>>> print(open('entry.txt').read())   # compact mmCIF, C-alpha atoms
# COMPACT_ATOMS: atom_id res chain seq x y z
CA MET A 91 9.32 61.70 30.00
CA TYR A 92 10.88 64.16 32.43
CA ALA A 93 13.52 64.08 35.14
CA ARG A 94 14.59 66.03 38.20
CA SER A 95 18.26 65.86 39.15
CA THR A 96 19.68 66.79 42.53
CA THR A 97 23.45 67.39 42.68
CA ILE A 98 25.10 67.31 46.10
CA GLN A 99 28.72 68.05 46.97
CA ALA A 100 28.97 65.37 49.65
CA ARG A 101 31.46 64.75 52.41
CA LEU A 102 33.53 61.77 51.28
CA SER A 103 33.01 60.04 54.63
CA ALA A 104 29.21 60.33 54.24
CA ILE A 105 28.84 58.81 50.77
CA ASP A 106 28.09 55.24 51.83
CA ALA A 107 25.51 56.43 54.37
CA GLY A 108 23.93 58.59 51.68
CA ILE A 109 23.71 55.72 49.21
CA ALA A 110 22.09 53.50 51.86
CA HIS A 111 19.56 56.21 52.72
CA VAL A 112 18.56 56.75 49.09
CA ARG A 113 18.29 52.99 48.50
CA ASP A 114 16.46 52.04 51.69
CA ASP A 115 14.39 55.12 52.54
CA VAL A 116 13.98 57.35 49.49
CA MET A 117 13.26 54.81 46.77
CA PRO A 118 10.25 53.21 48.53
CA VAL A 119 8.69 56.64 49.13
CA LEU A 120 9.19 57.78 45.54
CA ALA A 121 7.70 54.52 44.28
CA ASP A 122 4.40 55.54 45.90
CA ILE A 123 4.26 58.98 44.26
CA THR A 124 2.00 59.10 41.22
CA GLY A 125 3.93 59.38 37.98
CA CYS A 126 7.36 58.49 39.32
CA VAL A 127 9.14 55.91 37.17
CA GLY A 128 12.30 55.36 39.15
CA LEU A 129 15.54 56.75 40.47
CA SER A 130 19.26 56.61 39.73
CA LEU A 131 22.23 57.72 41.80
CA LEU A 132 25.67 58.65 40.45
CA VAL A 133 28.62 58.95 42.83
CA ASP A 134 32.11 60.33 42.39
CA ARG A 135 33.98 58.99 45.42
CA GLN A 136 37.09 61.09 44.70
CA LEU A 137 35.45 64.50 44.31
CA GLY A 138 32.30 63.90 46.35
CA ARG A 139 29.86 64.91 43.63
CA CYS A 140 26.67 62.84 43.88
CA ILE A 141 23.70 63.15 41.52
CA ALA A 142 20.29 61.63 42.26
CA THR A 143 17.85 61.67 39.34
CA SER A 144 14.16 60.84 39.55
CA ALA A 145 12.19 60.17 36.34
CA TRP A 146 8.55 61.13 35.76
CA GLU A 147 5.86 60.12 33.28
CA SER A 148 5.05 63.76 32.45
CA GLU A 149 6.02 67.31 33.24
CA GLU A 150 2.75 67.66 35.15
CA ALA A 151 3.60 64.69 37.39
CA MET A 152 7.06 66.09 38.05
CA ARG A 153 5.68 69.51 38.99
CA ALA A 154 2.92 68.01 41.15
CA SER A 155 5.51 66.08 43.16
CA ALA A 156 7.59 69.13 44.06
CA GLU A 157 6.19 69.85 47.53
CA ARG A 158 6.25 66.22 48.60
CA VAL A 159 9.78 65.67 47.30
CA ARG A 160 11.32 68.80 48.85
CA PRO A 161 11.69 67.49 52.44
CA ILE A 162 12.94 64.15 51.09
CA ARG A 163 15.61 65.99 49.11
CA ASP A 164 16.57 68.12 52.10
CA ARG A 165 17.07 64.99 54.20
CA VAL A 166 19.22 63.38 51.49
CA ALA A 167 21.41 66.49 51.35
CA GLU A 168 21.71 66.47 55.13
CA ILE A 169 22.90 62.85 55.21
CA PHE A 170 25.36 63.38 52.35
CA GLY A 171 26.56 66.51 54.13
CA GLY A 172 26.20 69.06 51.35
CA GLY A 173 23.81 71.52 49.76
CA ALA A 174 21.48 70.45 46.94
CA GLN A 175 21.36 71.95 43.44
CA VAL A 176 18.17 71.00 41.58
CA GLU A 177 17.60 70.93 37.82
CA GLU A 178 14.63 69.76 35.77
CA TRP A 179 14.90 68.14 32.37
CA GLU A 180 13.03 66.63 29.45
CA ILE A 181 14.35 63.15 28.63
CA ALA A 182 14.88 63.63 24.90
CA VAL A 183 16.72 60.39 24.00
CA LEU A 184 17.31 57.10 25.78
CA HIS A 185 18.91 54.03 24.21
CA ARG A 186 19.93 50.77 25.89
CA ASP A 187 22.16 48.15 24.37
CA HIS A 188 21.66 46.12 27.54
CA ARG A 189 20.78 46.65 31.18
CA SER A 190 23.48 47.95 33.48
CA ARG A 191 25.35 45.45 35.63
CA GLN A 192 26.88 45.64 39.07
CA GLY A 193 29.99 47.80 38.86
CA ALA A 194 28.67 49.92 35.98
CA CYS A 195 29.99 53.45 35.58
CA VAL A 196 28.72 56.61 33.88
CA ARG A 197 30.46 59.38 31.99
CA ALA A 198 28.40 62.57 31.92
CA ALA A 199 28.90 65.70 29.81
CA TRP A 200 26.95 68.91 30.26
CA VAL A 201 26.61 71.15 27.21
CA LYS A 202 24.94 74.42 26.29
CA THR A 203 23.64 75.67 22.98
CA ASP A 204 21.23 78.26 21.63
CA PRO A 205 17.73 77.06 22.66
CA GLU A 206 16.61 77.53 19.06
CA ARG A 207 19.21 74.94 17.97
CA LEU A 208 18.24 72.38 20.57
CA ASP A 209 15.93 70.31 18.36
CA ALA A 210 18.67 69.99 15.75
CA ALA A 211 21.15 68.96 18.45
CA ILE A 212 18.72 66.31 19.74
CA GLU A 213 18.26 64.91 16.25
CA ALA A 214 22.04 64.82 15.69
CA TYR A 215 22.50 62.98 18.99
CA ARG A 216 19.84 60.45 18.02
CA SER A 217 20.82 59.90 14.39
CA GLN A 218 24.62 60.30 14.48
CA PHE A 219 26.24 60.37 17.89
CA LEU A 220 24.52 57.34 19.38
CA SER A 221 25.93 54.98 16.76
CA GLU A 222 29.41 56.41 17.36
CA MET A 223 29.14 55.99 21.13
CA GLU A 224 28.01 52.40 20.70
CA THR A 225 31.46 51.58 19.31
CA LEU A 226 33.11 52.44 22.64
CA GLU A 227 34.33 49.52 24.74
CA GLY A 228 31.83 48.47 27.41
CA PHE A 229 28.94 50.59 26.06
CA CYS A 230 25.73 49.84 27.92
CA SER A 231 23.33 52.76 27.37
CA ALA A 232 23.09 56.47 26.66
CA SER A 233 20.65 59.24 27.44
CA LEU A 234 20.22 62.90 26.60
CA MET A 235 18.28 65.22 28.88
CA VAL A 236 17.55 68.80 27.88
CA ASN A 237 16.25 72.04 29.31
CA ARG A 238 14.55 73.82 26.44
CA ALA A 239 14.39 77.20 28.15
CA SER A 240 18.11 77.46 28.90
CA GLY A 241 19.58 75.38 26.07
CA ARG A 242 21.43 73.22 28.60
CA ALA A 243 21.65 69.47 28.11
CA VAL A 244 23.42 66.53 29.69
CA SER A 245 24.51 63.32 28.01
CA CYS A 246 25.06 60.29 30.24
CA VAL A 247 26.75 57.19 28.82
CA THR A 248 26.83 54.04 30.93
CA TYR A 249 29.60 51.46 30.64
CA ASP A 250 29.89 47.96 32.04
CA GLY A 251 32.72 48.88 34.40
CA ALA A 252 35.42 51.35 35.37
CA GLU A 253 38.10 49.51 33.41
CA SER A 254 36.34 49.86 30.06
CA MET A 255 35.43 53.48 30.80
CA ILE A 256 39.07 54.29 31.54
CA ARG A 257 40.31 52.51 28.42
CA ASN A 258 37.86 54.33 26.13
CA ARG A 259 38.48 57.76 27.70
CA ASP A 260 40.60 59.19 24.86
CA GLN A 261 38.30 57.88 22.14
CA ALA A 262 35.26 59.27 23.98
CA ALA A 263 36.93 62.67 24.32
CA SER A 264 37.59 62.76 20.59
CA LEU A 265 33.98 61.82 19.79
CA ARG A 266 32.70 64.42 22.24
CA ALA A 267 34.82 67.20 20.74
CA ASP A 268 33.69 66.26 17.24
CA ALA A 269 30.04 66.12 18.31
CA SER A 270 30.34 69.51 19.99
CA ARG A 271 31.81 71.04 16.86
CA ARG A 272 29.17 69.55 14.55
CA SER A 273 26.20 70.40 16.77
CA GLY A 274 27.33 73.86 17.83
CA ALA A 275 27.04 72.96 21.53
CA ASP A 276 29.71 73.99 24.05
CA VAL A 277 30.82 71.42 26.63
CA ILE A 278 30.63 73.20 30.01
CA ASP A 279 31.21 70.38 32.50
CA GLY A 280 31.89 66.67 32.75
CA GLY A 281 32.49 63.84 35.14
CA GLU A 282 32.92 60.10 35.62
CA PHE A 283 30.80 58.33 38.20
CA GLU A 284 30.00 55.03 39.83
CA LEU A 285 26.41 54.02 39.06
CA ALA A 286 25.49 53.40 42.68
CA LEU A 287 21.75 52.87 42.06
CA ALA A 288 20.07 52.14 38.75
CA HIS A 289 16.30 51.88 39.03
CA LEU A 290 15.01 54.06 36.21
CA ARG A 291 12.11 52.48 34.32
CA VAL A 292 12.26 54.90 31.41
CA PRO A 293 11.26 53.37 28.07
CA GLU A 294 13.59 53.47 25.08
CA SER A 295 13.22 56.55 22.85
CA VAL A 296 15.40 56.69 19.75
>>> encode(input="entry.txt", output="structure tokens")
Amino acid sequence: MYARSTTIQARLSAIDAGIAHVRDDVMPVLADITGCVGLSLLVDRQLGRCIATSAWESEEAMRASAERVRPIRDRVAEIFGGGAQVEEWEIAVLHRDHRSRQGACVRAAWVKTDPERLDAAIEAYRSQFLSEMETLEGFCSASLMVNRASGRAVSCVTYDGAESMIRNRDQAASLRADASRRSGADVIDGGEFELALAHLRVPESV
């Protein structure tokens, strides 16, 4: 499975309009594109960072959709009021304890490692780090997406609500630092988001 993420630095006043556009206009169009298996939207209402991620059955389907998706993405960026940064990923790991609920939140961490060490990092995430993250209050699901050419990866952990995510923040930071040290991956960015839309139909892969 593969994914394309679009990060937009939105105007704060435009966020609700952007969410409505993605929900009401973008999702139905994507649903008709061959190979698309859903969409999620993360929103940081304080900093304005919004990340829309579409999932695809194969790398070929993702690539084939590029021309059709481009004007859709440009319109989303226009409504949110910011430029779009696009990244493409392989979905290496996905684990759900349960489906996300209304009010769910996501903590994301972007890391970078030597591309030659990426397979070992994926295996460590699957065999070690997942079980540790499952102990965090409110844990709902976790995913790891990777770019094999660059060695970049992003881990997204979903929690049942903002309260549990806030309460487990220190414990999560400790786990993240330990995981970074053991895997040899450097944490290069992070954020906490509202899960504004959750319609990814990606199967479990652990």
>>> residues_around(input="entry.txt", residues="segment 153-158 of chain A", least_positions_apart="4", cutoff="8 Å", atoms="all atoms listed in the file", output="number ranges by chain")
A: 123, 149, 162
>>> residues_near_point(input="entry.txt", point="(28.7, 59.2, 39.4)", cutoff="12 Å", atoms="all atoms listed in the file", output="VMD selection string")
chain A and resid 97 to 100 105 109 130 to 143 193 to 199 246 to 249 252 280 to 288
>>> atom_distance(input="entry.txt", atom1="atom CA of Asn237 of chain A", atom2="atom CA of Arg113 of chain A")
27.1 Å
>>> residues_around(input="entry.txt", residues="Glu150 of chain A", least_positions_apart="6", cutoff="12 Å", atoms="all atoms listed in the file", output="MDAnalysis selection string")
chainID A and resid 91:93 124:126 156 180
>>> closest_residue(input="entry.txt", among="A:Leu184, A:Ile169, A:Gly274, A:Ala267", to="Ala211 of chain A", atoms="all atoms listed in the file")
A:Gly274
>>> closest_residue(input="entry.txt", among="A:Phe170, A:Trp146, A:Trp179, A:Tyr215", to="Ala275 of chain A", atoms="only C-alpha atoms")
A:Tyr215
>>> atom_distance(input="entry.txt", atom1="atom CA of Ile181 of chain A", atom2="atom CA of Leu129 of chain A")
13.5 Å
>>> residues_around(input="entry.txt", residues="Arg189 of chain A", least_positions_apart="2", cutoff="8 Å", atoms="all atoms listed in the file", output="PDB file with C-alpha atoms, keeping the file's coordinate frame")
ATOM      1  CA  ARG A 186      19.930  50.770  25.890  1.00  0.00           C
ATOM      2  CA  ASP A 187      22.160  48.150  24.370  1.00  0.00           C
ATOM      3  CA  ARG A 191      25.350  45.450  35.630  1.00  0.00           C
ATOM      4  CA  CYS A 230      25.730  49.840  27.920  1.00  0.00           C
ATOM      5  CA  SER A 231      23.330  52.760  27.370  1.00  0.00           C
TER       6      SER A 231
END
>>> closest_residue(input="entry.txt", among="A:Val159, A:Thr203, A:Arg101, A:Glu253", to="Asp122 of chain A", atoms="only C-alpha atoms")
A:Val159
>>> decode(input="entry.txt", residues="segment 216-246 of chain A", atoms="N, CA and C atoms", output="compact mmCIF listing (two decimals), in the first residue's frame")
# COMPACT_ATOMS: atom_id res chain seq x y z
N ARG A 216 7.81 -2.54 14.01
CA ARG A 216 6.78 -3.57 14.03
C ARG A 216 6.91 -4.48 15.25
N SER A 217 8.12 -4.91 15.56
CA SER A 217 8.31 -5.95 16.57
C SER A 217 8.52 -5.41 17.98
N GLN A 218 8.96 -4.16 18.12
CA GLN A 218 9.26 -3.61 19.44
C GLN A 218 8.41 -2.39 19.79
N PHE A 219 8.45 -1.39 18.92
CA PHE A 219 7.89 -0.10 19.30
C PHE A 219 6.37 -0.11 19.36
N LEU A 220 5.72 -0.90 18.51
CA LEU A 220 4.27 -0.95 18.54
C LEU A 220 3.74 -1.37 19.90
N SER A 221 4.32 -2.43 20.46
CA SER A 221 3.84 -2.93 21.75
C SER A 221 4.05 -1.89 22.85
N GLU A 222 5.11 -1.09 22.74
CA GLU A 222 5.35 -0.04 23.72
C GLU A 222 4.33 1.09 23.56
N MET A 223 4.02 1.45 22.33
CA MET A 223 3.05 2.53 22.10
C MET A 223 1.65 2.12 22.54
N GLU A 224 1.35 0.84 22.44
CA GLU A 224 0.02 0.36 22.85
C GLU A 224 -0.25 0.56 24.34
N THR A 225 0.81 0.76 25.13
CA THR A 225 0.63 0.98 26.56
C THR A 225 0.20 2.41 26.88
N LEU A 226 0.29 3.31 25.90
CA LEU A 226 -0.03 4.71 26.15
C LEU A 226 -1.54 4.89 26.30
N GLU A 227 -1.93 5.74 27.22
CA GLU A 227 -3.35 6.01 27.46
C GLU A 227 -4.04 6.46 26.19
N GLY A 228 -5.20 5.85 25.89
CA GLY A 228 -6.01 6.27 24.76
C GLY A 228 -5.55 5.75 23.42
N PHE A 229 -4.56 4.84 23.39
CA PHE A 229 -4.04 4.34 22.11
C PHE A 229 -5.15 3.76 21.26
N CYS A 230 -5.16 4.17 20.01
CA CYS A 230 -6.16 3.69 19.05
C CYS A 230 -5.50 2.92 17.91
N SER A 231 -4.50 3.53 17.26
CA SER A 231 -3.83 2.90 16.12
C SER A 231 -2.49 3.56 15.87
N ALA A 232 -1.67 2.90 15.05
CA ALA A 232 -0.37 3.46 14.69
C ALA A 232 -0.02 3.04 13.28
N SER A 233 0.70 3.93 12.60
CA SER A 233 1.16 3.61 11.25
C SER A 233 2.56 4.14 11.05
N LEU A 234 3.28 3.50 10.13
CA LEU A 234 4.61 3.95 9.74
C LEU A 234 4.65 4.01 8.22
N MET A 235 4.93 5.19 7.69
CA MET A 235 5.09 5.36 6.25
C MET A 235 6.53 5.75 5.97
N VAL A 236 7.08 5.20 4.88
CA VAL A 236 8.51 5.40 4.61
C VAL A 236 8.72 5.82 3.15
N ASN A 237 9.81 6.54 2.95
CA ASN A 237 10.30 6.83 1.61
C ASN A 237 11.66 6.18 1.49
N ARG A 238 11.73 5.10 0.73
CA ARG A 238 12.95 4.29 0.71
C ARG A 238 14.12 5.02 0.05
N ALA A 239 13.86 5.93 -0.85
CA ALA A 239 14.94 6.63 -1.53
C ALA A 239 15.64 7.61 -0.60
N SER A 240 14.85 8.33 0.21
CA SER A 240 15.42 9.38 1.05
C SER A 240 15.76 8.92 2.46
N GLY A 241 15.17 7.79 2.90
CA GLY A 241 15.34 7.36 4.28
C GLY A 241 14.44 8.09 5.26
N ARG A 242 13.52 8.91 4.75
CA ARG A 242 12.55 9.60 5.61
C ARG A 242 11.39 8.67 5.95
N ALA A 243 10.82 8.87 7.12
CA ALA A 243 9.66 8.10 7.55
C ALA A 243 8.83 8.95 8.47
N VAL A 244 7.55 8.60 8.60
CA VAL A 244 6.68 9.31 9.53
C VAL A 244 5.83 8.28 10.27
N SER A 245 5.84 8.39 11.59
CA SER A 245 5.00 7.57 12.45
C SER A 245 3.83 8.41 12.92
N CYS A 246 2.62 7.87 12.75
CA CYS A 246 1.41 8.55 13.21
C CYS A 246 0.69 7.65 14.21
